[in-house]
Amino acid sequence: MEKAIFLDRDGTINVDVDYLHETDKLEFVDQTFEALALLRAHGYRLIVISNQSGIGRGYFGAQDVERLHAHMNGILQEHGAAIDAFYYCPHLEQDGCACRKPQPGLIRRAAAEWGIDLRCSYMVGDNEKDVMTAVNAGCKYGLVLSGHPVPDTLRQTYRDHLYRNLWDFARHICEVE
């Protein structure tokens with residue numbers, strides 16, 4: 001069985017731009033390349049788990065998201081930080097699907113397809129939905145401050161799992177193992 005880092009995309013890997021689907025608007029969060037390369041060097045599979053409701057809203061198509069992911073991964077690959085797989089939910093919240101975070105459907109699918117042991121894996125993101133996705137899937141988690149504002153109550157609740165950004169998370173995880 002393999003171990004993985006399941007990564008939220010917007011606000012964790014890249015700067016959060018509403019409904020990002022255009023390659024020219026892609027900007028990586030500081031030290032993302034170093035973080036992903038470090039995690040990869042420590043034997044983690046890197047898998048993106050992302051809600052992409054812009055598809056369901058008709059703002060853009062799945063091909064736009066896939067084009068962005070290919071572009072993103074090309075850049076990451078140049079830095080030894082390639083993502084192994086991208087999984088995304090195109091649905092709206094009211095659709096009630098099993099793949100939209102905080103539901104664990106995408107993590108469970110990725111775990112089955114990649115032979116991942118969820119007990120040795122982490123979900124990291126910038127939102128409480130990411131934390132709840134990890135809890136619902138049975139893996140560990142980290143909450144980064146590089147994206148959505150995290151209210152003081154959540155900072156207190158998740159203080160032992162709170163990181164400045166993905167680089168801070170990666171260094172901590174790699175020191176602990």
# chains A, B, ... in the order shown; residues from 1 in each chain; ligands from 1
$ select_by_dssp --residues "segment 1-176 of chain A" --states "strand (DSSP E or B)" --output "ChimeraX atom specification"
/A:2-7,10,14,28,44-51,85-89,116,122-125,140-144,162-163
$ residues_around --residues "Gly56 of chain A" --least-positions-apart "5" --cutoff "6 Å" --atoms "only C-alpha atoms" --output "PyMOL selection string"
chain A and resi 90-92
$ closest_residue --among "A:Ala4, A:Gly58, A:Pro102, A:Val150" --to "Val131 of chain A" --atoms "only C-alpha atoms"
A:Pro102
$ residues_around --residues "Tyr19 of chain A" --least-positions-apart "3" --cutoff "9 Å" --atoms "only C-alpha atoms" --output "number ranges by chain"
A: 16, 22, 52-54, 59-60
$ write_last_selection --atoms "C-alpha atoms" --output "PDB file, in the first residue's frame"
ATOM      1  CA  ASP A  16      -7.316  31.235  -5.237  1.00  0.00           C
ATOM      2  CA  GLU A  22      -7.653  29.947 -17.567  1.00  0.00           C
ATOM      3  CA  GLN A  52     -15.020  22.522  -9.543  1.00  0.00           C
ATOM      4  CA  SER A  53     -18.615  23.740  -9.432  1.00  0.00           C
ATOM      5  CA  GLY A  54     -17.885  26.208 -12.237  1.00  0.00           C
ATOM      6  CA  TYR A  59     -19.002  28.910 -16.435  1.00  0.00           C
ATOM      7  CA  PHE A  60     -16.556  26.597 -18.198  1.00  0.00           C
TER       8      PHE A  60
END
$ atom_distance --atom1 "atom CA of Glu2 of chain A" --atom2 "atom CA of Ala98 of chain A"
23.4 Å
$ closest_residue --among "A:Tyr141, A:Trp114, A:Tyr158, A:Tyr88" --to "Ala170 of chain A" --atoms "only C-alpha atoms"
A:Tyr141
$ residues_around --residues "Arg100 of chain A" --least-positions-apart "5" --cutoff "8 Å" --atoms "only C-alpha atoms" --output "list in words"
Asn51, Cys89, Pro90, His91, Glu93, Gly105 and Leu106 of chain A
$ residues_around --residues "His79 of chain A" --least-positions-apart "5" --cutoff "8 Å" --atoms "only C-alpha atoms" --output "PDB file with N, CA, C and O atoms, in the first residue's frame"
ATOM      1  N   PHE A  33       6.441  24.621  -5.110  1.00  0.00           N
ATOM      2  CA  PHE A  33       7.331  23.678  -5.800  1.00  0.00           C
ATOM      3  C   PHE A  33       8.180  22.907  -4.798  1.00  0.00           C
ATOM      4  O   PHE A  33       8.303  21.683  -4.872  1.00  0.00           O
ATOM      5  N   GLU A  34       8.761  23.639  -3.856  1.00  0.00           N
ATOM      6  CA  GLU A  34       9.615  23.009  -2.847  1.00  0.00           C
ATOM      7  C   GLU A  34       8.821  22.033  -1.979  1.00  0.00           C
ATOM      8  O   GLU A  34       9.298  20.947  -1.656  1.00  0.00           O
ATOM      9  N   ALA A  37       7.903  18.858  -4.033  1.00  0.00           N
ATOM     10  CA  ALA A  37       9.118  18.074  -4.282  1.00  0.00           C
ATOM     11  C   ALA A  37       9.561  17.347  -3.010  1.00  0.00           C
ATOM     12  O   ALA A  37       9.979  16.179  -3.064  1.00  0.00           O
TER      13      ALA A  37
END
$ closest_residue --among "A:Arg67, A:Arg109, A:Arg159, A:Arg9" --to "Val29 of chain A" --atoms "only C-alpha atoms"
A:Arg9
$ residues_around --residues "Gly11 of chain A" --least-positions-apart "5" --cutoff "12 Å" --atoms "only C-alpha atoms" --output "ChimeraX atom specification"
/A:16-20,26-30,32,50,124-127,130,143-150,164-166
$ write_last_selection --atoms "N, CA and C atoms" --output "PDB file, in the first residue's frame"
ATOM      1  N   ASP A  16      -5.891  31.419  -4.973  1.00  0.00           N
ATOM      2  CA  ASP A  16      -7.316  31.235  -5.237  1.00  0.00           C
ATOM      3  C   ASP A  16      -7.852  32.399  -6.070  1.00  0.00           C
ATOM      4  N   VAL A  17      -8.252  32.074  -7.281  1.00  0.00           N
ATOM      5  CA  VAL A  17      -8.915  33.017  -8.188  1.00  0.00           C
ATOM      6  C   VAL A  17     -10.285  32.412  -8.448  1.00  0.00           C
ATOM      7  N   ASP A  18     -11.335  33.188  -8.248  1.00  0.00           N
ATOM      8  CA  ASP A  18     -12.682  32.633  -8.431  1.00  0.00           C
ATOM      9  C   ASP A  18     -12.821  31.878  -9.744  1.00  0.00           C
ATOM     10  N   TYR A  19     -13.196  30.623  -9.623  1.00  0.00           N
ATOM     11  CA  TYR A  19     -13.471  29.763 -10.770  1.00  0.00           C
ATOM     12  C   TYR A  19     -12.302  29.711 -11.760  1.00  0.00           C
ATOM     13  N   LEU A  20     -11.111  29.473 -11.229  1.00  0.00           N
ATOM     14  CA  LEU A  20      -9.916  29.389 -12.065  1.00  0.00           C
ATOM     15  C   LEU A  20     -10.062  28.280 -13.104  1.00  0.00           C
ATOM     16  N   LEU A  26      -3.149  31.407 -13.695  1.00  0.00           N
ATOM     17  CA  LEU A  26      -2.526  30.498 -12.722  1.00  0.00           C
ATOM     18  C   LEU A  26      -1.320  31.161 -12.070  1.00  0.00           C
ATOM     19  N   GLU A  27      -1.335  31.185 -10.743  1.00  0.00           N
ATOM     20  CA  GLU A  27      -0.204  31.678  -9.960  1.00  0.00           C
ATOM     21  C   GLU A  27      -0.055  30.752  -8.757  1.00  0.00           C
ATOM     22  N   PHE A  28       1.120  30.219  -8.567  1.00  0.00           N
ATOM     23  CA  PHE A  28       1.354  29.276  -7.474  1.00  0.00           C
ATOM     24  C   PHE A  28       1.570  30.012  -6.157  1.00  0.00           C
ATOM     25  N   VAL A  29       1.097  29.407  -5.070  1.00  0.00           N
ATOM     26  CA  VAL A  29       1.374  29.904  -3.728  1.00  0.00           C
ATOM     27  C   VAL A  29       2.873  29.773  -3.492  1.00  0.00           C
ATOM     28  N   ASP A  30       3.464  30.719  -2.782  1.00  0.00           N
ATOM     29  CA  ASP A  30       4.904  30.700  -2.495  1.00  0.00           C
ATOM     30  C   ASP A  30       5.336  29.353  -1.924  1.00  0.00           C
ATOM     31  N   THR A  32       5.395  26.412  -3.178  1.00  0.00           N
ATOM     32  CA  THR A  32       4.648  25.212  -3.562  1.00  0.00           C
ATOM     33  C   THR A  32       5.562  24.183  -4.222  1.00  0.00           C
ATOM     34  N   SER A  50     -10.458  18.261  -5.764  1.00  0.00           N
ATOM     35  CA  SER A  50     -10.952  19.627  -5.903  1.00  0.00           C
ATOM     36  C   SER A  50     -12.423  19.685  -6.302  1.00  0.00           C
ATOM     37  N   VAL A 124      -4.757  17.934   2.721  1.00  0.00           N
ATOM     38  CA  VAL A 124      -4.371  19.278   3.125  1.00  0.00           C
ATOM     39  C   VAL A 124      -5.114  20.284   2.255  1.00  0.00           C
ATOM     40  N   GLY A 125      -5.651  21.307   2.920  1.00  0.00           N
ATOM     41  CA  GLY A 125      -6.376  22.341   2.200  1.00  0.00           C
ATOM     42  C   GLY A 125      -6.530  23.589   3.044  1.00  0.00           C
ATOM     43  N   ASP A 126      -7.240  24.550   2.491  1.00  0.00           N
ATOM     44  CA  ASP A 126      -7.366  25.863   3.123  1.00  0.00           C
ATOM     45  C   ASP A 126      -8.764  26.143   3.670  1.00  0.00           C
ATOM     46  N   ASN A 127      -9.551  25.090   3.856  1.00  0.00           N
ATOM     47  CA  ASN A 127     -10.950  25.260   4.212  1.00  0.00           C
ATOM     48  C   ASN A 127     -11.375  24.120   5.141  1.00  0.00           C
ATOM     49  N   ASP A 130     -12.085  20.770   3.616  1.00  0.00           N
ATOM     50  CA  ASP A 130     -10.950  19.878   3.361  1.00  0.00           C
ATOM     51  C   ASP A 130     -10.657  19.011   4.585  1.00  0.00           C
ATOM     52  N   LEU A 143      -4.496  22.024   7.763  1.00  0.00           N
ATOM     53  CA  LEU A 143      -5.236  23.202   7.322  1.00  0.00           C
ATOM     54  C   LEU A 143      -4.237  24.331   7.110  1.00  0.00           C
ATOM     55  N   VAL A 144      -4.143  24.833   5.875  1.00  0.00           N
ATOM     56  CA  VAL A 144      -3.184  25.889   5.557  1.00  0.00           C
ATOM     57  C   VAL A 144      -3.869  27.253   5.538  1.00  0.00           C
ATOM     58  N   LEU A 145      -3.083  28.285   5.836  1.00  0.00           N
ATOM     59  CA  LEU A 145      -3.594  29.651   5.920  1.00  0.00           C
ATOM     60  C   LEU A 145      -3.326  30.446   4.638  1.00  0.00           C
ATOM     61  N   SER A 146      -2.986  29.772   3.557  1.00  0.00           N
ATOM     62  CA  SER A 146      -2.590  30.451   2.321  1.00  0.00           C
ATOM     63  C   SER A 146      -3.756  30.761   1.390  1.00  0.00           C
ATOM     64  N   GLY A 147      -4.953  30.380   1.766  1.00  0.00           N
ATOM     65  CA  GLY A 147      -6.111  30.590   0.892  1.00  0.00           C
ATOM     66  C   GLY A 147      -7.229  31.335   1.592  1.00  0.00           C
ATOM     67  N   HIS A 148      -8.335  30.655   1.794  1.00  0.00           N
ATOM     68  CA  HIS A 148      -9.493  31.263   2.455  1.00  0.00           C
ATOM     69  C   HIS A 148      -9.124  31.754   3.856  1.00  0.00           C
ATOM     70  N   PRO A 149      -9.723  32.857   4.292  1.00  0.00           N
ATOM     71  CA  PRO A 149      -9.506  33.282   5.681  1.00  0.00           C
ATOM     72  C   PRO A 149     -10.035  32.204   6.640  1.00  0.00           C
ATOM     73  N   VAL A 150      -9.265  31.916   7.676  1.00  0.00           N
ATOM     74  CA  VAL A 150      -9.668  30.915   8.662  1.00  0.00           C
ATOM     75  C   VAL A 150     -10.064  31.663   9.933  1.00  0.00           C
ATOM     76  N   ARG A 164       1.148  27.546   8.016  1.00  0.00           N
ATOM     77  CA  ARG A 164       1.190  28.814   7.286  1.00  0.00           C
ATOM     78  C   ARG A 164       0.868  28.593   5.806  1.00  0.00           C
ATOM     79  N   ASN A 165       1.458  27.567   5.214  1.00  0.00           N
ATOM     80  CA  ASN A 165       1.233  27.246   3.800  1.00  0.00           C
ATOM     81  C   ASN A 165       1.637  25.783   3.563  1.00  0.00           C
ATOM     82  N   LEU A 166       1.610  25.367   2.325  1.00  0.00           N
ATOM     83  CA  LEU A 166       1.936  23.977   1.982  1.00  0.00           C
ATOM     84  C   LEU A 166       3.382  23.631   2.341  1.00  0.00           C
TER      85      LEU A 166
END
$ select_by_dssp --residues "chain A" --states "alpha helix (DSSP H)" --output "ChimeraX atom specification"
/A:32-41,53-56,62-78,105-114,128-137,152-157,166-176
$ atom_distance --atom1 "atom CA of Ala137 of chain A" --atom2 "atom CA of Cys99 of chain A"
11.4 Å
$ atom_distance --atom1 "atom CA of Val176 of chain A" --atom2 "atom CA of Leu118 of chain A"
17.1 Å
$ closest_residue --among "A:Lys3, A:Ile75, A:Leu154, A:Glu113" --to "Gly43 of chain A" --atoms "only C-alpha atoms"
A:Lys3
$ closest_residue --among "A:Asp117, A:Asp152, A:Asp10, A:Asp95" --to "Met72 of chain A" --atoms "only C-alpha atoms"
A:Asp10
$ closest_residue --among "A:Phe86, A:Gln31, A:His71, A:Gln94" --to "Arg57 of chain A" --atoms "only C-alpha atoms"
A:Gln94
